[in-house]
>>> print(open('protein.cif').read())   # mmCIF, C-alpha atoms
data_final
loop_
_atom_site.group_PDB
_atom_site.id
_atom_site.type_symbol
_atom_site.label_atom_id
_atom_site.label_comp_id
_atom_site.auth_asym_id
_atom_site.auth_seq_id
_atom_site.Cartn_x
_atom_site.Cartn_y
_atom_site.Cartn_z
ATOM 1 C CA MET A 22 -7.693 10.418 39.295
ATOM 2 C CA ARG A 23 -5.970 7.090 39.335
ATOM 3 C CA VAL A 24 -6.301 6.932 35.587
ATOM 4 C CA LEU A 25 -4.065 9.903 34.971
ATOM 5 C CA PRO A 26 -0.736 8.436 36.146
ATOM 6 C CA VAL A 27 -1.497 5.231 34.251
ATOM 7 C CA LEU A 28 -2.255 7.230 31.163
ATOM 8 C CA CYS A 29 0.946 9.217 31.512
ATOM 9 C CA LEU A 30 2.928 6.012 31.966
ATOM 10 C CA LEU A 31 1.308 4.506 28.912
ATOM 11 C CA LEU A 32 2.017 7.582 26.862
ATOM 12 C CA ALA A 33 5.621 7.625 28.043
ATOM 13 C CA SER A 34 6.125 3.975 27.145
ATOM 14 C CA VAL A 35 4.643 4.510 23.706
ATOM 15 C CA THR A 36 6.709 7.575 22.919
ATOM 16 C CA ALA A 37 9.881 6.095 24.411
ATOM 17 C CA HIS A 38 10.084 3.725 21.482
ATOM 18 C CA ALA A 39 10.245 6.340 18.760
ATOM 19 C CA GLU A 40 13.298 8.555 18.886
ATOM 20 C CA THR A 41 14.617 11.299 16.729
ATOM 21 C CA ALA A 42 17.758 10.972 14.639
ATOM 22 C CA GLN A 43 19.347 13.525 16.989
ATOM 23 C CA GLN A 44 18.690 11.285 19.988
ATOM 24 C CA ILE A 45 20.020 8.220 18.215
ATOM 25 C CA GLY A 46 23.098 10.134 17.077
ATOM 26 C CA HIS A 47 23.572 11.445 20.607
ATOM 27 C CA THR A 48 23.573 7.921 22.047
ATOM 28 C CA TYR A 49 26.338 6.885 19.645
ATOM 29 C CA ALA A 50 28.263 10.120 20.306
ATOM 30 C CA THR A 51 28.125 9.521 24.073
ATOM 31 C CA GLU A 52 29.413 6.003 23.523
ATOM 32 C CA ALA A 53 32.208 7.336 21.306
ATOM 33 C CA ALA A 54 33.140 10.064 23.803
ATOM 34 C CA ALA A 55 33.628 7.408 26.474
ATOM 35 C CA GLY A 56 36.629 6.087 24.562
ATOM 36 C CA GLN A 57 37.723 9.346 22.967
ATOM 37 C CA ALA A 58 37.447 12.428 25.162
ATOM 38 C CA GLY A 59 35.906 15.452 23.462
ATOM 39 C CA PHE A 60 34.412 13.499 20.572
ATOM 40 C CA MET A 61 31.958 15.510 18.502
ATOM 41 C CA PRO A 62 29.949 13.978 15.641
ATOM 42 C CA SER A 63 30.798 15.290 12.183
ATOM 43 C CA ALA A 64 28.431 15.157 9.214
ATOM 44 C CA LYS A 65 31.455 15.714 6.979
ATOM 45 C CA ARG A 66 33.225 12.602 8.266
ATOM 46 C CA GLY A 67 29.900 10.792 7.951
ATOM 47 C CA GLU A 68 29.745 11.756 4.287
ATOM 48 C CA THR A 69 33.305 10.523 3.742
ATOM 49 C CA LEU A 70 32.343 7.173 5.278
ATOM 50 C CA PHE A 71 29.218 7.036 3.106
ATOM 51 C CA ARG A 72 31.314 7.517 -0.056
ATOM 52 C CA GLN A 73 34.352 5.464 0.923
ATOM 53 C CA ARG A 74 35.064 2.359 -1.152
ATOM 54 C CA PHE A 75 36.153 -0.674 0.802
ATOM 55 C CA ALA A 76 38.038 -3.608 -0.675
ATOM 56 C CA HIS A 77 35.783 -6.141 0.987
ATOM 57 C CA ASN A 78 32.786 -6.876 -1.227
ATOM 58 C CA ASP A 79 32.976 -6.726 -5.043
ATOM 59 C CA LYS A 80 29.235 -6.428 -5.476
ATOM 60 C CA MET A 81 28.801 -3.662 -2.934
ATOM 61 C CA PRO A 82 32.128 -1.889 -2.298
ATOM 62 C CA ALA A 83 30.503 1.215 -0.745
ATOM 63 C CA CYS A 84 27.284 2.429 0.871
ATOM 64 C CA THR A 85 26.650 4.154 -2.450
ATOM 65 C CA SER A 86 26.501 0.773 -4.259
ATOM 66 C CA CYS A 87 22.927 0.398 -3.073
ATOM 67 C CA HIS A 88 22.040 3.834 -1.699
ATOM 68 C CA THR A 89 23.290 5.812 -4.781
ATOM 69 C CA ASP A 90 25.560 8.880 -4.650
ATOM 70 C CA SER A 91 22.860 10.893 -2.915
ATOM 71 C CA PRO A 92 21.152 9.637 0.242
ATOM 72 C CA LEU A 93 18.209 11.814 -0.777
ATOM 73 C CA ASN A 94 17.492 9.409 -3.627
ATOM 74 C CA ALA A 95 15.810 6.034 -3.483
ATOM 75 C CA GLY A 96 18.338 3.271 -3.981
ATOM 76 C CA GLN A 97 18.376 -0.229 -5.334
ATOM 77 C CA HIS A 98 19.829 -3.366 -3.732
ATOM 78 C CA ALA A 99 22.955 -4.220 -5.752
ATOM 79 C CA VAL A 100 22.184 -7.941 -5.740
ATOM 80 C CA THR A 101 18.405 -8.340 -5.584
ATOM 81 C CA GLY A 102 17.346 -5.145 -7.359
ATOM 82 C CA LYS A 103 14.858 -4.298 -4.600
ATOM 83 C CA THR A 104 14.038 -0.609 -4.250
ATOM 84 C CA ILE A 105 15.438 0.968 -1.086
ATOM 85 C CA ARG A 106 13.820 4.098 0.280
ATOM 86 C CA PRO A 107 16.095 7.146 0.819
ATOM 87 C CA LEU A 108 18.429 7.126 3.827
ATOM 88 C CA ALA A 109 18.382 10.890 4.421
ATOM 89 C CA VAL A 110 15.922 12.055 7.054
ATOM 90 C CA ALA A 111 15.008 15.037 4.845
ATOM 91 C CA ALA A 112 13.732 12.655 2.161
ATOM 92 C CA ASN A 113 12.404 9.905 4.416
ATOM 93 C CA PRO A 114 11.286 10.906 7.928
ATOM 94 C CA GLU A 115 10.959 7.248 8.909
ATOM 95 C CA ARG A 116 14.755 6.910 8.971
ATOM 96 C CA PHE A 117 16.656 6.841 12.267
ATOM 97 C CA VAL A 118 13.633 6.728 14.566
ATOM 98 C CA ASP A 119 13.949 3.158 15.857
ATOM 99 C CA PRO A 120 17.276 2.539 17.669
ATOM 100 C CA ALA A 121 16.985 -1.255 17.325
ATOM 101 C CA LYS A 122 16.423 -0.994 13.589
ATOM 102 C CA VAL A 123 19.328 1.424 13.170
ATOM 103 C CA GLU A 124 21.617 -0.876 15.142
ATOM 104 C CA LYS A 125 20.474 -3.899 13.134
ATOM 105 C CA TRP A 126 21.298 -2.280 9.806
ATOM 106 C CA PHE A 127 24.635 -0.883 10.964
ATOM 107 C CA GLY A 128 25.391 -4.432 12.104
ATOM 108 C CA ARG A 129 24.465 -6.075 8.827
ATOM 109 C CA ASN A 130 25.756 -3.485 6.415
ATOM 110 C CA CYS A 131 29.054 -2.640 8.123
ATOM 111 C CA LYS A 132 29.883 -6.336 8.243
ATOM 112 C CA GLU A 133 28.925 -6.812 4.610
ATOM 113 C CA VAL A 134 30.384 -3.665 3.057
ATOM 114 C CA VAL A 135 33.132 -2.454 5.413
ATOM 115 C CA GLY A 136 34.095 -5.976 6.460
ATOM 116 C CA ARG A 137 33.948 -5.246 10.191
ATOM 117 C CA ALA A 138 31.657 -3.693 12.778
ATOM 118 C CA CYS A 139 31.459 0.105 12.623
ATOM 119 C CA THR A 140 32.646 2.040 15.673
ATOM 120 C CA PRO A 141 30.291 4.212 17.744
ATOM 121 C CA ALA A 142 32.156 7.257 16.369
ATOM 122 C CA GLU A 143 31.525 6.176 12.772
ATOM 123 C CA LYS A 144 27.858 5.570 13.548
ATOM 124 C CA ALA A 145 27.511 8.992 15.210
ATOM 125 C CA ASP A 146 29.115 10.674 12.167
ATOM 126 C CA PHE A 147 26.955 8.713 9.745
ATOM 127 C CA VAL A 148 23.740 9.606 11.579
ATOM 128 C CA ALA A 149 24.840 13.257 11.672
ATOM 129 C CA PHE A 150 25.302 13.254 7.871
ATOM 130 C CA MET A 151 21.961 11.575 7.249
ATOM 131 C CA SER A 152 20.196 14.036 9.567
ATOM 132 C CA GLU A 153 21.750 17.128 8.024
ATOM 133 C CA VAL A 154 22.032 16.369 4.308
ATOM 134 C CA ARG A 155 19.613 18.432 2.212
ATOM 135 C CA MET B 25 -27.152 -29.594 -11.554
ATOM 136 C CA LYS B 26 -24.605 -29.520 -14.326
ATOM 137 C CA HIS B 27 -24.667 -25.760 -14.019
ATOM 138 C CA ILE B 28 -23.631 -25.762 -10.391
ATOM 139 C CA ALA B 29 -20.784 -28.154 -11.073
ATOM 140 C CA LEU B 30 -19.536 -25.954 -13.893
ATOM 141 C CA THR B 31 -19.770 -22.785 -11.809
ATOM 142 C CA LEU B 32 -17.892 -24.450 -8.963
ATOM 143 C CA LEU B 33 -15.205 -25.648 -11.330
ATOM 144 C CA LEU B 34 -14.831 -22.175 -12.797
ATOM 145 C CA ALA B 35 -14.687 -20.555 -9.375
ATOM 146 C CA ALA B 36 -11.968 -22.976 -8.363
ATOM 147 C CA ALA B 37 -9.985 -22.413 -11.549
ATOM 148 C CA LEU B 38 -10.155 -18.614 -11.572
ATOM 149 C CA PRO B 39 -7.776 -17.773 -8.728
ATOM 150 C CA ALA B 40 -5.191 -20.102 -10.253
ATOM 151 C CA LEU B 41 -5.568 -18.427 -13.639
ATOM 152 C CA ALA B 42 -5.133 -14.976 -12.155
ATOM 153 C CA ASP B 43 -1.880 -15.971 -10.419
ATOM 154 C CA ARG B 44 -2.801 -14.311 -7.177
ATOM 155 C CA LEU B 45 -0.296 -15.019 -4.430
ATOM 156 C CA PRO B 46 -0.974 -12.485 -1.680
ATOM 157 C CA LEU B 47 0.843 -12.882 1.631
ATOM 158 C CA PRO B 48 -1.299 -14.816 4.134
ATOM 159 C CA ALA B 49 -3.242 -12.772 6.685
ATOM 160 C CA ASP B 50 -1.144 -14.199 9.530
ATOM 161 C CA THR B 51 2.185 -13.064 8.032
ATOM 162 C CA PRO B 52 4.298 -11.924 11.002
ATOM 163 C CA ALA B 53 5.697 -8.385 10.871
ATOM 164 C CA SER B 54 9.159 -9.936 11.308
ATOM 165 C CA TYR B 55 8.870 -11.650 7.915
ATOM 166 C CA GLN B 56 8.458 -8.323 6.147
ATOM 167 C CA ALA B 57 11.113 -6.613 8.291
ATOM 168 C CA GLU B 58 13.779 -9.325 8.251
ATOM 169 C CA CYS B 59 13.260 -10.828 4.788
ATOM 170 C CA GLY B 60 11.295 -8.254 2.844
ATOM 171 C CA ASN B 61 13.788 -5.412 3.168
ATOM 172 C CA CYS B 62 16.471 -6.897 0.936
ATOM 173 C CA HIS B 63 14.146 -8.728 -1.439
ATOM 174 C CA LEU B 64 10.429 -9.120 -1.960
ATOM 175 C CA ALA B 65 8.741 -10.938 0.933
ATOM 176 C CA TYR B 66 8.227 -14.000 -1.248
ATOM 177 C CA PRO B 67 4.927 -15.888 -1.019
ATOM 178 C CA PRO B 68 5.660 -18.875 1.226
ATOM 179 C CA ALA B 69 3.811 -21.207 -1.163
ATOM 180 C CA LEU B 70 6.678 -20.896 -3.651
ATOM 181 C CA LEU B 71 8.935 -23.284 -1.707
ATOM 182 C CA SER B 72 8.231 -26.549 0.103
ATOM 183 C CA ALA B 73 8.471 -26.796 3.901
ATOM 184 C CA GLY B 74 11.692 -28.800 3.610
ATOM 185 C CA ASP B 75 13.283 -26.142 1.403
ATOM 186 C CA TRP B 76 12.198 -23.304 3.717
ATOM 187 C CA GLN B 77 13.757 -25.235 6.596
ATOM 188 C CA ARG B 78 17.009 -25.442 4.630
ATOM 189 C CA VAL B 79 16.858 -21.693 3.903
ATOM 190 C CA MET B 80 16.212 -20.865 7.555
ATOM 191 C CA ALA B 81 19.015 -23.214 8.715
ATOM 192 C CA GLY B 82 21.554 -21.295 6.619
ATOM 193 C CA LEU B 83 20.601 -17.671 7.272
ATOM 194 C CA ASN B 84 24.099 -16.694 8.444
ATOM 195 C CA ASP B 85 25.310 -17.409 4.903
ATOM 196 C CA HIS B 86 22.218 -16.538 2.885
ATOM 197 C CA PHE B 87 23.376 -16.097 -0.733
ATOM 198 C CA ALA B 88 26.664 -14.634 0.547
ATOM 199 C CA THR B 89 24.923 -12.350 3.059
ATOM 200 C CA ASP B 90 24.603 -12.727 6.804
ATOM 201 C CA ALA B 91 20.841 -12.525 7.250
ATOM 202 C CA ALA B 92 20.763 -14.106 10.720
ATOM 203 C CA VAL B 93 17.836 -13.149 12.973
ATOM 204 C CA ASP B 94 17.338 -13.568 16.712
ATOM 205 C CA ALA B 95 15.909 -16.828 18.064
ATOM 206 C CA LYS B 96 12.399 -15.508 18.644
ATOM 207 C CA LYS B 97 12.027 -14.144 15.123
ATOM 208 C CA TRP B 98 13.642 -17.266 13.692
ATOM 209 C CA GLN B 99 10.966 -19.429 15.334
ATOM 210 C CA GLU B 100 8.177 -17.122 14.247
ATOM 211 C CA ILE B 101 9.316 -16.878 10.617
ATOM 212 C CA THR B 102 10.115 -20.590 10.290
ATOM 213 C CA ALA B 103 6.728 -21.618 11.711
ATOM 214 C CA PHE B 104 4.971 -19.214 9.345
ATOM 215 C CA LEU B 105 6.849 -20.492 6.274
ATOM 216 C CA GLU B 106 6.187 -24.123 7.227
ATOM 217 C CA ARG B 107 2.514 -23.371 7.794
ATOM 218 C CA HIS B 108 2.037 -21.915 4.316
ATOM 219 C CA ALA B 109 4.675 -23.825 2.355
ATOM 220 C CA GLY B 110 3.864 -25.197 -1.073
ATOM 221 C CA ASN B 111 3.474 -28.798 -2.166
ATOM 222 C CA ALA B 112 6.948 -30.267 -2.759
ATOM 223 C CA GLY B 113 5.697 -32.601 -5.494
ATOM 224 C CA LYS B 114 4.065 -29.816 -7.468
ATOM 225 C CA LEU B 115 6.925 -27.336 -7.060
ATOM 226 C CA GLY B 116 9.765 -29.666 -7.991
ATOM 227 C CA SER B 117 13.297 -29.563 -6.628
ATOM 228 C CA ALA B 118 14.609 -26.142 -5.609
ATOM 229 C CA GLY B 119 18.259 -27.208 -5.646
ATOM 230 C CA ASP B 120 20.912 -26.563 -3.009
ATOM 231 C CA PRO B 121 20.863 -23.900 -1.721
ATOM 232 C CA PRO B 122 17.122 -23.841 -2.433
ATOM 233 C CA ARG B 123 16.067 -21.172 -4.914
ATOM 234 C CA ILE B 124 12.463 -20.410 -5.871
ATOM 235 C CA SER B 125 13.703 -19.736 -9.414
ATOM 236 C CA THR B 126 15.086 -23.277 -9.716
ATOM 237 C CA THR B 127 11.789 -25.037 -8.984
ATOM 238 C CA ALA B 128 10.107 -26.728 -11.954
ATOM 239 C CA ARG B 129 6.995 -24.631 -11.306
ATOM 240 C CA PHE B 130 8.905 -21.365 -11.612
ATOM 241 C CA VAL B 131 10.784 -22.539 -14.713
ATOM 242 C CA ARG B 132 7.550 -23.679 -16.387
ATOM 243 C CA LYS B 133 5.751 -20.437 -15.564
ATOM 244 C CA HIS B 134 8.606 -18.400 -17.045
ATOM 245 C CA ARG B 135 9.421 -20.554 -20.059
ATOM 246 C CA GLU B 136 8.427 -17.773 -22.471
ATOM 247 C CA VAL B 137 10.863 -15.258 -20.974
ATOM 248 C CA PRO B 138 13.905 -14.901 -23.279
ATOM 249 C CA ALA B 139 17.160 -15.830 -21.518
ATOM 250 C CA LYS B 140 18.749 -12.417 -22.121
ATOM 251 C CA LEU B 141 15.961 -10.606 -20.285
ATOM 252 C CA TRP B 142 16.971 -12.166 -16.983
ATOM 253 C CA HIS B 143 20.181 -10.151 -17.171
ATOM 254 C CA ASP B 144 18.567 -6.975 -18.444
ATOM 255 C CA PRO B 145 19.562 -4.063 -16.165
ATOM 256 C CA ARG B 146 15.886 -3.477 -15.402
ATOM 257 C CA VAL B 147 15.581 -7.022 -14.093
ATOM 258 C CA LYS B 148 19.087 -7.812 -12.747
ATOM 259 C CA THR B 149 18.097 -11.176 -11.300
ATOM 260 C CA ALA B 150 15.233 -13.634 -11.099
ATOM 261 C CA ALA B 151 15.022 -12.683 -7.408
ATOM 262 C CA ASN B 152 13.641 -9.300 -8.451
ATOM 263 C CA CYS B 153 9.989 -10.261 -9.062
ATOM 264 C CA GLU B 154 8.801 -6.658 -8.975
ATOM 265 C CA SER B 155 10.882 -5.622 -11.986
ATOM 266 C CA CYS B 156 8.324 -7.406 -14.206
ATOM 267 C CA HIS B 157 5.437 -8.204 -11.850
ATOM 268 C CA ARG B 158 4.826 -4.663 -10.669
ATOM 269 C CA GLY B 159 1.974 -5.828 -8.444
ATOM 270 C CA ALA B 160 4.044 -8.599 -6.837
ATOM 271 C CA ALA B 161 4.105 -6.912 -3.433
ATOM 272 C CA ASP B 162 0.290 -7.176 -3.433
ATOM 273 C CA GLY B 163 0.385 -10.745 -4.666
ATOM 274 C CA ASN B 164 -0.405 -9.991 -8.302
ATOM 275 C CA TYR B 165 1.708 -12.148 -10.622
ATOM 276 C CA SER B 166 -0.664 -12.008 -13.587
ATOM 277 C CA GLU B 167 1.004 -12.375 -16.971
ATOM 278 C CA HIS B 168 -1.263 -9.567 -18.160
ATOM 279 C CA ASP B 169 0.298 -7.038 -15.824
ATOM 280 C CA ILE B 170 3.963 -7.077 -16.774
ATOM 281 C CA ALA B 171 6.048 -3.911 -16.481
ATOM 282 C CA ILE B 172 8.491 -4.705 -19.289
ATOM 283 C CA ARG B 173 7.132 -3.856 -22.713
ATOM 284 C CA GLU B 174 8.859 -6.684 -24.602
ATOM 285 C CA LEU B 175 7.172 -9.165 -22.324
ATOM 286 C CA LYS B 176 3.691 -7.702 -22.412
ATOM 287 C CA ARG B 177 0.978 -9.910 -23.753
#
>>> encode(input="protein.cif", output="structure tokens")
Amino acid sequence: MRVLPVLCLLLASVTAHAETAQQIGHTYATEAAAGQAGFMPSAKRGETLFRQRFAHNDKMPACTSCHTDSPLNAGQHAVTGKTIRPLAVAANPERFVDPAKVEKWFGRNCKEVVGRACTPAEKADFVAFMSEVR
Amino acid sequence: MKHIALTLLLAAALPALADRLPLPADTPASYQAECGNCHLAYPPALLSAGDWQRVMAGLNDHFATDAAVDAKKWQEITAFLERHAGNAGKLGSAGDPPRISTTARFVRKHREVPAKLWHDPRVKTAANCESCHRGAADGNYSEHDIAIRELKR
């Protein structure tokens, strides 16, 4: 009988780590709404961000420089040539399931491509696009 | 007796001939996650300990990219690279910043590759081992398993 609560706790701690893209997007949306009342994530704005060219990095001016024009496709690192698995959840269910990993790559890639940190609103929109694109 | 010596010699020479460089069994997951996402998780034996230390000391400006990692992962990855680093004398100088492709060993091993192929769109850069060595991720760098037809032998 004592085993059951322990088991439940264990199970909860294991599952707590993996999240869905919806949950990860929701966390960003909540953060965005704190500074902007009524904020709702938009896959359309996320797509615009994905395609936008920034005047920061010649070798990778946009997300599409490495991730190609369609997030459903595998990409290729613009500098090293390494294959990058698709960003879209529909093509790669391992995307947007680990909040720490998502935050790490927003951190690295926004700095490198956009030239600044992305806002919670931008992240929420981006995750919405990647979750919905088919 | 001569037989045993010969067999031993052959056994010792074979792995070198096959150019097998698999990642060590104790490779931390952080090495693959932090380094192996942007480029192949290079075999640590391809740079000397001193050169790996230089690489790890400059991660915030790693070939024009900020590849900084948190302190715990930094320790773990640095210790792993030092543990399995190659022999500095045999590798030769890797330059500054250290590049695997600058070491005398790398240059010698690739001396038959025509200069123009390094800039071929299929290859892009010498950092892209897998463009030619399709089994590189599994440690297979054999010259008999090359993906690019012109380089097949």
>>> resolve_selection(input="protein.cif", expression="the PyMOL selection byres ((chain A and resi 81) around 10)", output="list in words")
Arg74, Phe75, Ala76, His77, Asn78, Asp79, Lys80, Pro82, Ala83, Cys84, Thr85, Ser86, Cys87, His98, Ala99, Val100, Asn130, Glu133, Val134 and Val135 of chain A
>>> write_last_selection(input="protein.cif", atoms="C-alpha atoms", output="compact mmCIF listing (two decimals), keeping the file's coordinate frame")
# COMPACT_ATOMS: atom_id res chain seq x y z
CA ARG A 74 35.06 2.36 -1.15
CA PHE A 75 36.15 -0.67 0.80
CA ALA A 76 38.04 -3.61 -0.68
CA HIS A 77 35.78 -6.14 0.99
CA ASN A 78 32.79 -6.88 -1.23
CA ASP A 79 32.98 -6.73 -5.04
CA LYS A 80 29.24 -6.43 -5.48
CA PRO A 82 32.13 -1.89 -2.30
CA ALA A 83 30.50 1.22 -0.74
CA CYS A 84 27.28 2.43 0.87
CA THR A 85 26.65 4.15 -2.45
CA SER A 86 26.50 0.77 -4.26
CA CYS A 87 22.93 0.40 -3.07
CA HIS A 98 19.83 -3.37 -3.73
CA ALA A 99 22.96 -4.22 -5.75
CA VAL A 100 22.18 -7.94 -5.74
CA ASN A 130 25.76 -3.48 6.42
CA GLU A 133 28.92 -6.81 4.61
CA VAL A 134 30.38 -3.66 3.06
CA VAL A 135 33.13 -2.45 5.41
>>> interface_residues(input="protein.cif", of="chain A", to="chain B", cutoff="6 Å", atoms="only C-alpha atoms", output="PyMOL selection string")
chain A and resi 101-103
>>> resolve_selection(input="protein.cif", expression="the PyMOL selection byres ((chain A and resi 146) around 9)", output="VMD selection string")
chain A and resid 46 49 to 50 61 to 68 70 141 to 145 147 to 151
>>> closest_residue(input="protein.cif", among="B:Ala161, B:Met80, B:Ala118, B:Ala128", to="Thr104 (chain A)", atoms="all atoms listed in the file")
B:Ala161
>>> closest_residue(input="protein.cif", among="A:Cys139, A:Ala95, A:Ala109, A:Cys131", to="Ala42 (chain A)", atoms="only C-alpha atoms")
A:Ala109
>>> residues_near_point(input="protein.cif", point="(11.9, -26.2, -6.7)", cutoff="7 Å", atoms="all atoms listed in the file", output="short mmCIF file (atom, residue, chain, number, x, y, z; two decimals) with C-alpha atoms, in the coordinates of the input")
data_model
loop_
_atom_site.label_atom_id
_atom_site.label_comp_id
_atom_site.auth_asym_id
_atom_site.auth_seq_id
_atom_site.Cartn_x
_atom_site.Cartn_y
_atom_site.Cartn_z
CA LEU B 71 8.94 -23.28 -1.71
CA LEU B 115 6.92 -27.34 -7.06
CA GLY B 116 9.76 -29.67 -7.99
CA SER B 117 13.30 -29.56 -6.63
CA ALA B 118 14.61 -26.14 -5.61
CA GLY B 119 18.26 -27.21 -5.65
CA ARG B 123 16.07 -21.17 -4.91
CA ILE B 124 12.46 -20.41 -5.87
CA THR B 126 15.09 -23.28 -9.72
CA THR B 127 11.79 -25.04 -8.98
CA ALA B 128 10.11 -26.73 -11.95
CA ARG B 129 7.00 -24.63 -11.31
#
>>> resolve_selection(input="protein.cif", expression="the PyMOL selection byres ((chain A and resi 116) around 12)", output="NGL selection string")
:A and (39-43 or 45 or 92-93 or 105-115 or 117-123 or 126 or 148 or 151-152)
>>> decode(input="protein.cif", residues="region 61-131 of chain B", atoms="C-alpha atoms", output="mmCIF file, in the first residue's frame")
data_model
loop_
_atom_site.group_PDB
_atom_site.id
_atom_site.type_symbol
_atom_site.label_atom_id
_atom_site.label_comp_id
_atom_site.auth_asym_id
_atom_site.auth_seq_id
_atom_site.Cartn_x
_atom_site.Cartn_y
_atom_site.Cartn_z
ATOM 1 C CA ASN B 61 23.949 19.317 -32.719
ATOM 2 C CA CYS B 62 25.729 21.924 -34.821
ATOM 3 C CA HIS B 63 28.522 19.685 -36.081
ATOM 4 C CA LEU B 64 29.535 16.060 -35.802
ATOM 5 C CA ALA B 65 30.500 15.092 -32.245
ATOM 6 C CA TYR B 66 34.149 14.863 -33.262
ATOM 7 C CA PRO B 67 36.262 12.003 -31.897
ATOM 8 C CA PRO B 68 38.225 13.525 -29.010
ATOM 9 C CA ALA B 69 41.429 11.838 -30.214
ATOM 10 C CA LEU B 70 41.590 14.275 -33.136
ATOM 11 C CA LEU B 71 42.895 17.141 -30.978
ATOM 12 C CA SER B 72 45.444 17.256 -28.164
ATOM 13 C CA ALA B 73 44.395 18.003 -24.575
ATOM 14 C CA GLY B 74 45.953 21.467 -24.795
ATOM 15 C CA ASP B 75 43.988 22.277 -27.949
ATOM 16 C CA TRP B 76 40.711 21.001 -26.462
ATOM 17 C CA GLN B 77 41.371 23.221 -23.447
ATOM 18 C CA ARG B 78 41.794 26.190 -25.790
ATOM 19 C CA VAL B 79 38.545 25.289 -27.590
ATOM 20 C CA MET B 80 36.652 24.962 -24.311
ATOM 21 C CA ALA B 81 38.108 28.259 -22.995
ATOM 22 C CA GLY B 82 36.679 30.139 -25.985
ATOM 23 C CA LEU B 83 33.195 28.647 -26.315
ATOM 24 C CA ASN B 84 31.447 32.034 -26.124
ATOM 25 C CA ASP B 85 33.126 32.906 -29.432
ATOM 26 C CA HIS B 86 33.372 29.484 -31.050
ATOM 27 C CA PHE B 87 34.001 30.089 -34.772
ATOM 28 C CA ALA B 88 31.790 33.199 -34.592
ATOM 29 C CA THR B 89 29.050 31.405 -32.636
ATOM 30 C CA ASP B 90 28.211 31.621 -28.959
ATOM 31 C CA ALA B 91 28.357 27.968 -27.949
ATOM 32 C CA ALA B 92 28.704 28.599 -24.205
ATOM 33 C CA VAL B 93 27.442 25.850 -21.879
ATOM 34 C CA ASP B 94 26.667 25.901 -18.163
ATOM 35 C CA ALA B 95 29.456 25.249 -15.654
ATOM 36 C CA LYS B 96 28.479 21.660 -14.904
ATOM 37 C CA LYS B 97 28.409 20.620 -18.552
ATOM 38 C CA TRP B 98 31.594 22.573 -19.219
ATOM 39 C CA GLN B 99 33.420 20.547 -16.556
ATOM 40 C CA GLU B 100 31.977 17.281 -17.793
ATOM 41 C CA ILE B 101 32.797 17.901 -21.464
ATOM 42 C CA THR B 102 36.275 19.298 -20.775
ATOM 43 C CA ALA B 103 37.204 16.348 -18.542
ATOM 44 C CA PHE B 104 35.958 13.915 -21.186
ATOM 45 C CA LEU B 105 37.924 15.596 -23.997
ATOM 46 C CA GLU B 106 41.092 15.710 -21.881
ATOM 47 C CA ARG B 107 40.672 12.061 -20.941
ATOM 48 C CA HIS B 108 40.515 10.907 -24.559
ATOM 49 C CA ALA B 109 42.610 13.579 -26.270
ATOM 50 C CA GLY B 110 45.126 12.607 -28.919
ATOM 51 C CA ASN B 111 48.904 12.730 -28.775
ATOM 52 C CA ALA B 112 50.029 16.308 -29.484
ATOM 53 C CA GLY B 113 53.273 15.162 -31.114
ATOM 54 C CA LYS B 114 51.525 12.832 -33.529
ATOM 55 C CA LEU B 115 48.705 15.235 -34.402
ATOM 56 C CA GLY B 116 50.827 18.307 -35.056
ATOM 57 C CA SER B 117 49.831 21.905 -34.425
ATOM 58 C CA ALA B 118 46.126 22.706 -34.744
ATOM 59 C CA GLY B 119 46.668 26.454 -35.088
ATOM 60 C CA ASP B 120 44.858 29.256 -33.277
ATOM 61 C CA PRO B 121 41.948 28.896 -32.877
ATOM 62 C CA PRO B 122 42.607 25.145 -32.911
ATOM 63 C CA ARG B 123 41.061 23.335 -35.866
ATOM 64 C CA ILE B 124 41.125 19.564 -36.368
ATOM 65 C CA SER B 125 41.501 20.217 -40.106
ATOM 66 C CA THR B 126 44.737 22.157 -39.547
ATOM 67 C CA THR B 127 46.565 19.340 -37.752
ATOM 68 C CA ALA B 128 49.339 17.630 -39.723
ATOM 69 C CA ARG B 129 47.563 14.301 -39.216
ATOM 70 C CA PHE B 130 44.364 15.549 -40.833
ATOM 71 C CA VAL B 131 46.242 17.209 -43.703
#
